[in-house]
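S.K.: One file is attached below, data.cif, containing mmCIF, C-alpha atoms and all ligand atoms.
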```cif
data_upload
#
loop_
_atom_site.label_atom_id
_atom_site.label_comp_id
_atom_site.auth_asym_id
_atom_site.auth_seq_id
_atom_site.Cartn_x
_atom_site.Cartn_y
_atom_site.Cartn_z
CA MET A 199 200.59 41.06 189.83
CA VAL A 200 200.45 37.36 190.74
CA LEU A 201 200.67 36.49 187.06
CA SER A 202 203.74 38.63 186.52
CA ARG A 203 205.46 36.96 189.48
CA TRP A 204 204.67 33.57 187.97
CA LEU A 205 204.95 34.48 184.29
CA GLY A 206 207.47 31.77 183.29
CA ALA A 207 205.65 29.01 185.16
CA THR A 208 202.30 30.11 183.69
CA LEU A 209 203.66 30.18 180.14
CA GLY A 210 205.25 26.77 180.71
CA LEU A 211 201.90 25.31 181.76
CA PHE A 212 200.21 27.00 178.83
CA ALA A 213 202.80 25.49 176.44
CA LEU A 214 202.22 22.02 177.94
CA PHE A 215 198.49 22.45 177.37
CA VAL A 216 199.11 23.47 173.73
CA ARG A 217 201.37 20.43 173.39
CA LEU A 218 198.54 18.14 174.54
CA VAL A 219 196.16 19.67 171.99
CA CYS A 220 198.77 19.38 169.22
CA GLN A 221 199.46 15.76 170.09
CA LYS A 222 195.75 14.99 169.81
CA PHE A 223 195.30 16.72 166.44
CA PRO A 224 198.31 16.22 164.11
CA SER A 225 196.55 17.68 161.03
CA PHE A 226 195.76 20.83 162.97
CA THR A 227 199.40 21.01 164.18
CA GLU A 228 200.62 20.56 160.61
CA LYS A 229 198.45 23.47 159.52
CA TRP A 230 198.91 26.09 162.24
CA TYR A 231 202.37 25.22 163.54
CA ALA A 232 204.43 23.41 160.87
CA LYS A 233 203.08 25.51 157.99
CA GLY A 234 202.36 28.72 159.88
CA PHE A 235 204.09 29.51 163.14
CA TYR A 236 207.34 27.57 162.73
CA PRO A 237 208.19 29.13 159.33
CA LEU A 238 207.78 32.52 161.03
CA ILE A 239 210.22 31.51 163.80
CA ARG A 240 212.59 30.09 161.16
CA GLY A 241 212.50 33.36 159.23
CA ILE A 242 213.25 35.46 162.31
CA LEU A 243 216.13 33.24 163.49
CA ASP A 244 217.62 32.68 160.02
CA TYR A 245 218.02 36.39 159.41
CA THR A 246 219.12 37.45 162.89
CA ILE A 247 221.28 35.41 165.29
CA ASN A 248 221.85 32.57 162.83
CA LEU A 249 223.77 34.99 160.60
CA LEU A 250 226.43 35.36 163.30
CA PRO A 251 229.73 33.81 162.23
CA PHE A 252 229.91 31.90 165.55
CA PRO A 253 227.43 29.62 167.36
CA ALA A 254 224.64 31.73 168.85
CA VAL A 255 224.58 29.37 171.83
CA TYR A 256 227.67 31.21 173.12
CA LEU A 257 225.49 34.31 173.53
CA ILE A 258 222.81 32.30 175.30
CA ILE A 259 225.37 30.81 177.71
CA ALA A 260 226.89 34.25 178.39
CA ALA A 261 223.43 35.78 179.00
CA LEU A 262 222.43 32.94 181.35
CA LEU A 263 225.66 33.19 183.33
CA GLY A 264 225.27 36.97 183.62
CA TRP A 265 221.66 36.71 184.65
CA GLY A 266 222.39 33.93 187.13
CA TYR A 267 225.20 35.95 188.69
CA LEU A 268 223.09 39.10 189.06
CA PHE A 269 220.14 37.11 190.42
CA LEU A 270 222.20 35.32 193.07
CA LYS A 271 224.03 38.52 194.03
CA GLY A 272 220.71 40.33 194.47
CA LEU A 273 219.29 37.44 196.49
CA PHE A 274 222.22 37.23 198.91
CA ARG A 275 222.39 40.97 199.41
CA SER A 276 218.67 41.43 200.10
CA ASN A 277 217.61 42.04 203.67
CA CYS A 278 214.83 39.46 203.84
CA GLY A 279 215.05 36.33 205.92
CA PHE A 280 216.25 32.87 204.92
CA ALA A 281 212.74 31.47 204.37
CA GLN A 282 211.85 34.35 202.07
CA LYS A 283 215.07 33.93 200.11
CA LEU A 284 214.38 30.22 199.70
CA LYS A 285 210.87 31.02 198.45
CA THR A 286 212.24 33.49 195.91
CA LEU A 287 214.80 30.93 194.76
CA LEU A 288 212.19 28.19 194.33
CA ARG A 289 209.85 30.53 192.47
CA SER A 290 212.67 31.54 190.15
CA VAL A 291 213.60 27.92 189.44
CA LEU A 292 209.96 27.15 188.60
CA ASN A 293 209.66 30.24 186.40
CA PHE A 294 212.93 29.40 184.67
CA SER A 295 211.79 25.82 183.96
CA GLY A 296 208.53 27.23 182.63
CA TRP A 297 210.36 29.57 180.24
CA LEU A 298 212.49 26.63 179.06
CA ILE A 299 209.43 24.49 178.28
CA PHE A 300 207.67 27.42 176.62
CA PHE A 301 210.57 28.33 174.35
CA PHE A 302 211.47 24.71 173.58
CA LEU A 303 207.96 23.87 172.40
CA PHE A 304 207.12 27.06 170.53
CA LEU A 305 210.52 27.55 168.89
CA TRP A 306 210.67 23.98 167.49
CA GLY A 307 209.37 21.18 169.71
CA LEU A 308 205.75 21.31 168.55
CA ASN A 309 207.02 19.90 165.24
CA TYR A 310 207.06 16.55 167.10
CA TYR A 311 203.28 16.52 166.80
CA ARG A 312 202.91 17.32 163.09
CA ILE A 313 201.99 14.55 160.65
CA PRO A 314 205.06 12.25 160.61
CA LEU A 315 207.10 12.23 157.40
CA TYR A 316 206.83 8.47 157.03
CA GLN A 317 203.06 8.77 157.21
CA GLN A 318 203.08 11.53 154.59
CA LEU A 319 205.19 9.26 152.37
CA SER A 320 203.20 6.12 153.31
CA LEU A 321 206.40 4.41 154.47
CA GLN A 322 205.76 1.33 156.59
CA ALA A 323 208.92 0.54 158.51
CA LYS A 324 208.58 -3.17 159.24
CA PRO A 325 211.38 -5.37 160.60
CA ILE A 326 213.26 -7.14 157.81
CA GLY A 327 214.35 -10.77 157.90
CA GLN A 328 217.91 -11.99 157.55
CA ARG A 329 217.62 -13.11 153.92
CA VAL A 330 216.27 -9.73 152.79
CA LEU A 331 218.82 -7.92 154.94
CA LEU A 332 221.71 -9.84 153.36
CA ALA A 333 220.43 -9.06 149.87
CA GLU A 334 220.12 -5.39 150.84
CA MET A 335 223.66 -5.39 152.20
CA GLN A 336 225.07 -6.86 149.00
CA ASP A 337 223.24 -4.16 147.12
CA THR A 338 224.61 -1.40 149.39
CA GLN A 339 228.13 -2.78 149.12
CA LYS A 340 227.92 -2.84 145.32
CA LYS A 341 226.83 0.79 145.28
CA LEU A 342 229.55 1.75 147.74
CA LEU A 343 232.23 0.22 145.52
CA GLN A 344 230.95 2.02 142.44
CA ILE A 345 230.92 5.37 144.24
CA ARG A 346 234.27 4.79 145.87
CA ASN A 347 235.91 4.13 142.52
CA ARG A 348 234.89 7.64 141.56
CA ILE A 349 236.31 9.33 144.67
CA GLN A 350 239.38 7.28 145.56
CA PRO A 351 240.25 4.22 143.46
CA ASP A 352 242.83 2.71 145.85
CA SER A 353 241.88 0.52 148.80
CA LEU A 354 243.49 2.68 151.48
CA ALA A 355 241.19 4.45 153.94
CA LEU A 356 239.66 7.64 152.48
CA VAL A 357 241.84 10.71 152.71
CA ARG A 358 240.37 12.78 155.54
CA SER A 359 239.64 16.02 153.75
CA SER A 360 237.06 18.25 155.38
CA LYS A 361 235.06 20.60 153.19
CA PHE A 362 232.54 21.58 155.82
CA PHE A 363 231.30 24.86 154.31
CA VAL A 364 231.00 23.57 150.76
CA ARG A 365 229.02 20.55 151.91
CA LYS A 366 226.80 22.65 154.13
CA GLU A 367 225.73 24.80 151.17
CA THR A 368 225.32 21.75 148.90
CA LEU A 369 223.33 19.80 151.47
CA ARG A 370 221.04 22.72 152.30
CA LYS A 371 220.29 23.38 148.65
CA GLU A 372 219.71 19.73 147.85
CA MET A 373 217.64 19.14 150.98
CA LYS A 374 215.30 21.98 150.00
CA GLN A 375 214.81 20.39 146.58
CA LEU A 376 214.33 16.96 148.11
CA LEU A 377 211.75 18.06 150.70
CA SER A 378 209.84 20.00 148.04
CA GLY A 379 209.88 16.91 145.81
CA LEU A 380 208.47 14.84 148.67
CA GLY A 381 205.72 17.39 149.24
CA TYR A 382 206.97 18.00 152.79
CA SER A 383 206.40 21.52 154.05
CA TRP A 384 209.59 23.41 154.94
CA ARG A 385 210.71 27.04 155.04
CA GLY A 386 213.87 29.07 155.58
CA ARG A 387 217.58 28.36 155.49
CA PRO A 388 218.56 26.58 158.71
CA THR A 389 222.23 26.39 159.54
CA VAL A 390 224.61 24.02 161.27
CA LYS A 391 227.78 25.33 162.91
CA GLN A 392 230.83 23.66 164.36
CA LEU A 393 230.84 23.99 168.13
CA TYR A 394 234.22 24.62 169.71
CA PRO A 395 236.11 23.56 171.80
CA ALA A 396 236.43 20.46 169.62
CA GLY A 397 235.58 17.23 171.40
CA THR A 398 233.18 18.83 173.92
CA MET A 399 230.04 17.33 172.42
CA ARG A 400 231.64 13.94 171.90
CA LYS A 401 232.63 13.88 175.57
CA MET A 402 228.94 14.41 176.35
CA GLY A 403 228.18 11.38 174.18
CA ILE A 404 226.74 13.18 171.13
CA PHE A 405 228.04 14.02 167.65
CA GLY A 406 225.61 16.84 166.99
CA ILE A 407 222.51 18.55 168.29
CA TYR A 408 219.78 20.89 167.09
CA LEU A 409 219.23 23.61 169.69
CA PRO A 410 215.73 25.09 169.45
CA PHE A 411 216.67 28.05 171.67
CA SER A 412 219.13 29.38 169.12
CA GLY A 413 217.54 27.72 166.07
CA GLU A 414 220.90 26.29 165.04
CA GLY A 415 222.32 22.82 164.63
CA TYR A 416 225.75 22.14 166.09
CA LEU A 417 228.28 19.44 165.47
CA ASP A 418 231.59 18.43 166.88
CA PRO A 419 234.47 19.74 164.72
CA SER A 420 236.65 16.75 165.62
CA LEU A 421 234.46 14.18 163.85
CA HIS A 422 235.72 12.05 160.96
CA PRO A 423 234.68 13.82 157.69
CA VAL A 424 232.31 10.99 156.75
CA GLU A 425 230.62 11.03 160.15
CA LYS A 426 230.62 14.84 160.16
CA SER A 427 228.92 15.14 156.78
CA PHE A 428 226.15 12.73 157.75
CA THR A 429 225.63 14.51 161.10
CA LEU A 430 225.51 17.81 159.20
CA ALA A 431 222.71 16.47 157.00
CA HIS A 432 220.90 15.02 160.03
CA GLU A 433 220.98 18.31 161.97
CA LEU A 434 219.90 20.27 158.88
CA ALA A 435 216.86 18.02 158.61
CA HIS A 436 215.99 18.93 162.21
CA GLY A 437 216.27 22.60 161.23
CA PHE A 438 213.75 22.02 158.46
CA GLY A 439 211.27 20.77 161.07
CA VAL A 440 211.92 17.01 160.93
CA THR A 441 211.99 16.10 164.63
CA ASP A 442 211.98 12.30 164.73
CA GLU A 443 215.53 10.84 164.85
CA GLY A 444 214.73 7.98 162.47
CA GLU A 445 213.17 10.42 160.01
CA ALA A 446 216.08 12.85 160.28
CA ASN A 447 218.42 9.94 159.53
CA PHE A 448 216.23 8.91 156.60
CA VAL A 449 216.17 12.43 155.13
CA ALA A 450 219.95 12.67 155.64
CA TRP A 451 220.46 9.34 153.87
CA LEU A 452 218.13 10.27 151.02
CA VAL A 453 219.69 13.67 150.39
CA CYS A 454 223.21 12.20 150.53
CA SER A 455 222.45 9.23 148.31
CA GLU A 456 220.73 11.43 145.70
CA SER A 457 223.33 14.21 145.87
CA LYS A 458 225.33 15.37 142.86
CA ASP A 459 228.43 15.16 145.06
CA SER A 460 230.00 11.68 144.96
CA PHE A 461 231.51 12.03 148.41
CA LEU A 462 228.04 12.68 149.87
CA ASN A 463 226.68 9.64 147.98
CA TYR A 464 229.35 7.60 149.73
CA VAL A 465 228.58 9.17 153.13
CA GLY A 466 224.89 8.23 152.86
CA GLU A 467 225.42 4.65 151.69
CA LEU A 468 228.18 3.99 154.23
CA LYS A 469 225.97 5.12 157.11
CA LEU A 470 223.22 2.81 155.89
CA PHE A 471 225.73 -0.01 155.48
CA ARG A 472 226.96 0.40 159.06
CA TYR A 473 223.40 0.29 160.43
CA GLN A 474 222.75 -2.82 158.33
CA LEU A 475 225.93 -4.44 159.65
CA ARG A 476 224.80 -3.72 163.20
CA ASP A 477 221.40 -5.31 162.48
CA LEU A 478 223.04 -8.42 161.04
CA GLN A 479 225.38 -8.67 164.02
CA LYS A 480 222.40 -8.65 166.37
CA MET A 481 220.53 -11.20 164.24
CA ASP A 482 223.22 -13.76 163.56
CA ALA A 483 226.80 -13.45 164.82
CA GLU A 484 228.11 -16.18 162.48
CA ALA A 485 226.56 -14.65 159.36
CA TYR A 486 227.97 -11.28 160.42
CA LYS A 487 231.47 -12.73 160.76
CA ALA A 488 231.24 -14.36 157.34
CA PHE A 489 229.99 -11.14 155.74
CA VAL A 490 232.73 -8.99 157.29
CA GLY A 491 235.32 -11.62 156.28
CA ALA A 492 234.28 -11.29 152.64
CA MET A 493 233.88 -7.51 152.70
CA HIS A 494 235.82 -5.48 150.15
CA PRO A 495 239.11 -4.17 151.68
CA SER A 496 238.52 -0.54 150.74
CA ILE A 497 235.13 -0.40 152.46
CA LYS A 498 236.50 -2.26 155.46
CA ALA A 499 239.41 0.20 155.67
CA ASP A 500 236.98 3.14 155.74
CA ILE A 501 234.76 1.61 158.41
CA LEU A 502 237.78 0.81 160.56
CA ASP A 503 239.11 4.34 160.09
CA ILE A 504 235.77 5.83 161.21
CA GLN A 505 235.59 3.47 164.19
CA ARG A 506 239.13 4.37 165.17
CA SER A 507 238.32 8.07 164.95
CA ASN A 508 235.13 7.60 166.98
CA LEU A 509 237.07 5.81 169.71
CA GLU A 510 239.64 8.60 170.01
CA ILE A 511 237.29 10.64 172.20
CA ARG A 512 235.25 8.62 174.65
CA PRO A 513 232.22 10.14 176.38
CA TYR A 514 232.59 10.82 180.10
CA PHE A 515 229.46 8.94 181.02
CA LEU A 516 228.36 6.80 178.11
CA GLU A 517 225.46 5.18 179.87
CA LEU A 518 224.29 8.44 181.43
CA SER A 519 224.31 10.34 178.13
CA ARG A 520 222.54 7.46 176.40
CA LYS A 521 219.92 7.26 179.14
CA SER A 522 219.31 11.00 179.25
CA ASN A 523 218.86 11.12 175.48
CA ASP A 524 216.51 8.14 175.72
CA LEU A 525 214.52 9.88 178.45
CA TYR A 526 214.43 13.09 176.42
CA LEU A 527 213.15 11.34 173.29
CA LYS A 528 210.57 9.37 175.25
CA SER A 529 209.36 12.56 176.97
CA GLN A 530 208.71 13.98 173.49
CA GLY A 531 206.46 11.03 172.69
CA VAL A 532 209.08 9.09 170.70
CA ARG A 533 208.17 5.72 172.12
CA ALA A 534 211.17 3.93 170.68
CA GLY A 535 213.63 6.29 172.44
CA VAL A 536 217.21 5.99 171.20
CA ALA A 537 216.23 2.91 169.18
CA SER A 538 214.52 5.34 166.76
CA TYR A 539 217.94 6.27 165.33
CA ALA A 540 218.43 2.71 164.13
CA GLN A 541 215.28 2.53 161.99
CA LEU A 542 217.29 3.52 158.93
CA PRO A 543 217.61 0.08 157.23
CA MET A 544 213.86 -0.50 157.64
CA LEU A 545 212.89 2.95 156.35
CA VAL A 546 215.24 2.65 153.37
CA PHE A 547 213.89 -0.80 152.53
CA ALA A 548 210.30 0.47 152.74
CA TRP A 549 211.25 3.46 150.57
CA LYS A 550 212.89 1.30 147.89
CA SER A 551 210.01 -1.21 147.89
CA GLY A 552 207.51 1.64 147.47
CA LYS A 553 209.56 3.07 144.60
CA ASN A 554 209.73 -0.30 142.83
CA GLN A 555 205.94 -0.65 143.03
CA ASN A 556 205.34 2.69 141.32
ZN ZN B 1 218.93 14.20 165.90
#
```
Hey, can you dump this file as structure tokens for me?
Ligand SMILES: [Zn+2]
M.R.:
Amino acid sequence: MVLSRWLGATLGLFALFVRLVCQKFPSFTEKWYAKGFYPLIRGILDYTINLLPFPAVYLIIAALLGWGYLFLKGLFRSNCGFAQKLKTLLRSVLNFSGWLIFFFLFLWGLNYYRIPLYQQLSLQAKPIGQRVLLAEMQDTQKKLLQIRNRIQPDSLALVRSSKFFVRKETLRKEMKQLLSGLGYSWRGRPTVKQLYPAGTMRKMGIFGIYLPFSGEGYLDPSLHPVEKSFTLAHELAHGFGVTDEGEANFVAWLVCSESKDSFLNYVGELKLFRYQLRDLQKMDAEAYKAFVGAMHPSIKADILDIQRSNLEIRPYFLELSRKSNDLYLKSQGVRAGVASYAQLPMLVFAWKSGKNQN
């Protein structure tokens, strides 16, 4: 009886206990959760609500609103006193939070405690010095120019064509092949949908999100096609059980840069290039200015076009959304917080160095 009144809270505590055990024993988590339980969840979601032609989160929001309305109506209409009502309300909030924690962790979140991808690939992401960074940037720029000649030979900004569905299928297929090639355990066919109304997510300060409760990734439909394609790849990686932001970026970069689709090659390299530019800017403002001054006009035009598009919709509370994401990541044991997104240049350098040694 007591347990049923506190079911959500109890399950929440149980999930937190499981989380502690998983955190302590990554190999065990890899075995029972990443290779056992999560694939089962993936299978159920992939062939039920994820097949819906619209974001399943709409259903979740509708159900929560309906439930909230009925709960509050029942509470106000009941004959018990104020203190009793307050108690019921508090208990419900605790139970609700417990359910949230329980579902978050079991539907996806325990993947945070599996063996990290970079450990499985023996990637050592170490900070890179300015000389190496500059050499890497020259290399990226050379590649970008070669790819760009294939997709649009003029030096005007890329034509903004959006082939969302084609790229989703391509990226999913190629990501499966890539993860298999890396020996990284994955299952299912995760999906990413565009979440309307357009601009909503960007106003909250994010381009995309993977929602464990629906098992779907979402992205903002208003994004620049280059930014959208990379976010699509990033959220797909989350769906395949890659939780860490730096790792999801790395998988997105790798799948794009090795894709058969030239546009995706460009998307991957340009994202890397922009992270490298940011690193150089932080390291040495003068060197950054000189590099940008000598940058090829076509690449510069594309970066400016993306920046312009990104500035069209400003988040309501930039600092708040950044801080809450930071807090969220840190609460999941990602010590670097939002800085983990920016590990891309280091991970790519470590990946290339490892490849050259073999
Ligand atoms: Zn992410």
S.K.: Residues within 10 Å of ligand ZN 1 (chain B), counting only C-alpha atoms and all ligand atoms: report them as a short mmCIF file (atom, residue, chain, number, x, y, z; two decimals) with C-alpha atoms, in the frame of the given file.
M.R.:
```
data_model
loop_
_atom_site.label_atom_id
_atom_site.label_comp_id
_atom_site.auth_asym_id
_atom_site.auth_seq_id
_atom_site.Cartn_x
_atom_site.Cartn_y
_atom_site.Cartn_z
CA ILE A 404 226.74 13.18 171.13
CA PHE A 405 228.04 14.02 167.65
CA GLY A 406 225.61 16.84 166.99
CA ILE A 407 222.51 18.55 168.29
CA TYR A 408 219.78 20.89 167.09
CA GLY A 415 222.32 22.82 164.63
CA THR A 429 225.63 14.51 161.10
CA ALA A 431 222.71 16.47 157.00
CA HIS A 432 220.90 15.02 160.03
CA GLU A 433 220.98 18.31 161.97
CA LEU A 434 219.90 20.27 158.88
CA ALA A 435 216.86 18.02 158.61
CA HIS A 436 215.99 18.93 162.21
CA GLY A 437 216.27 22.60 161.23
CA VAL A 440 211.92 17.01 160.93
CA THR A 441 211.99 16.10 164.63
CA ASP A 442 211.98 12.30 164.73
CA GLU A 443 215.53 10.84 164.85
CA GLY A 444 214.73 7.98 162.47
CA GLU A 445 213.17 10.42 160.01
CA ALA A 446 216.08 12.85 160.28
CA ASN A 447 218.42 9.94 159.53
CA LEU A 527 213.15 11.34 173.29
CA VAL A 536 217.21 5.99 171.20
CA SER A 538 214.52 5.34 166.76
CA TYR A 539 217.94 6.27 165.33
#
```
S.K.: Lys469 of chain A: which residues within 8 Å, counting all atoms listed in the file, same-chain residues fewer than 4 positions away excluded, as a PyMOL selection string?
M.R.: chain A and resi 428+451+465+473
S.K.: Using all atoms of segment 412-423 of chain A listed in the file and a margin of 3 Å per side, can you give the axis-aligned box centre and edge lengths in Å to one decimal, as JSON?
M.R.:
```
{"center_x": 227.1, "center_y": 20.7, "center_z": 163.4, "size_x": 25.1, "size_y": 23.3, "size_z": 17.4}
```
S.K.: Which residue out of A:Leu354, A:Leu270, A:Val200, A:Pro314 has the minimum interatomic distance to Ala499 of chain A when all atoms listed in the file are used?
M.R.: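 Looking only at the distances to Ala499 of chain A, the closest residue turns out to be A:Leu354.
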S.K.: At most 12 Å is the cut-off: for each residue in segment 336-366 of chain A with any atom that close to an atom of segment 370-385 of chain A, write down the nearest atom pair and the distance in Å rounded to one decimal, counting all atoms listed in the file, chain first then increasing number, as JSON lines.
M.R.:
```
{"residue": "A:Phe363", "atom": "CA", "partner": "A:Arg370", "partner_atom": "CA", "distance": 10.7}
{"residue": "A:Val364", "atom": "CA", "partner": "A:Arg370", "partner_atom": "CA", "distance": 10.1}
{"residue": "A:Arg365", "atom": "CA", "partner": "A:Arg370", "partner_atom": "CA", "distance": 8.3}
{"residue": "A:Lys366", "atom": "CA", "partner": "A:Arg370", "partner_atom": "CA", "distance": 6.0}
```
S.K.: Would you kindly return, as a PyMOL selection string, each protein, DNA or RNA residue with an atom no farther than 12 Å from any atom of Tyr245 of chain A, considering only C-alpha atoms and excluding same-chain residues fewer than 2 positions away?
M.R.: chain A and resi 238-243+247-250+386-389+413-414
S.K.: Mind checking which residues fall within 7 Å of segment 316-328 of chain A, counting only C-alpha atoms, ignoring those fewer than 3 positions away in the same chain, and posting them as an mmCIF file with C-alpha atoms, keeping the file's coordinate frame?
M.R.:
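In the end it all went to part_29.cif:
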```
data_model
loop_
_atom_site.group_PDB
_atom_site.id
_atom_site.type_symbol
_atom_site.label_atom_id
_atom_site.label_comp_id
_atom_site.auth_asym_id
_atom_site.auth_seq_id
_atom_site.Cartn_x
_atom_site.Cartn_y
_atom_site.Cartn_z
ATOM 1 C CA ILE A 313 201.990 14.550 160.650
ATOM 2 C CA LEU A 331 218.820 -7.920 154.940
ATOM 3 C CA LEU A 332 221.710 -9.840 153.360
ATOM 4 C CA MET A 544 213.860 -0.500 157.640
ATOM 5 C CA LEU A 545 212.890 2.950 156.350
ATOM 6 C CA ALA A 548 210.300 0.470 152.740
ATOM 7 C CA TRP A 549 211.250 3.460 150.570
#
```
S.K.: Record the distance separating atom CA of His494 of chain A and atom CA of Ala450 of chain A, expressed in Å with one decimal.
M.R.: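 So the two atoms, atom CA of His494 of chain A and atom CA of Ala450 of chain A, lie 24.7 Å apart.
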S.K.: Which one is closest to Leu430 of chain A: A:Leu369, A:Val490, A:Val449, A:Ile349? Count all atoms listed in the file.
M.R.: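 Of all the options, A:Leu369 lies closest to Leu430 of chain A.
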S.K.: Which is closest to Leu214 of chain A among A:Ala355, A:Leu308, A:Leu502, A:Met335, if we use only C-alpha atoms?
M.R.: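 Looking at the shortest contact to Leu214 of chain A, the residue is A:Leu308.
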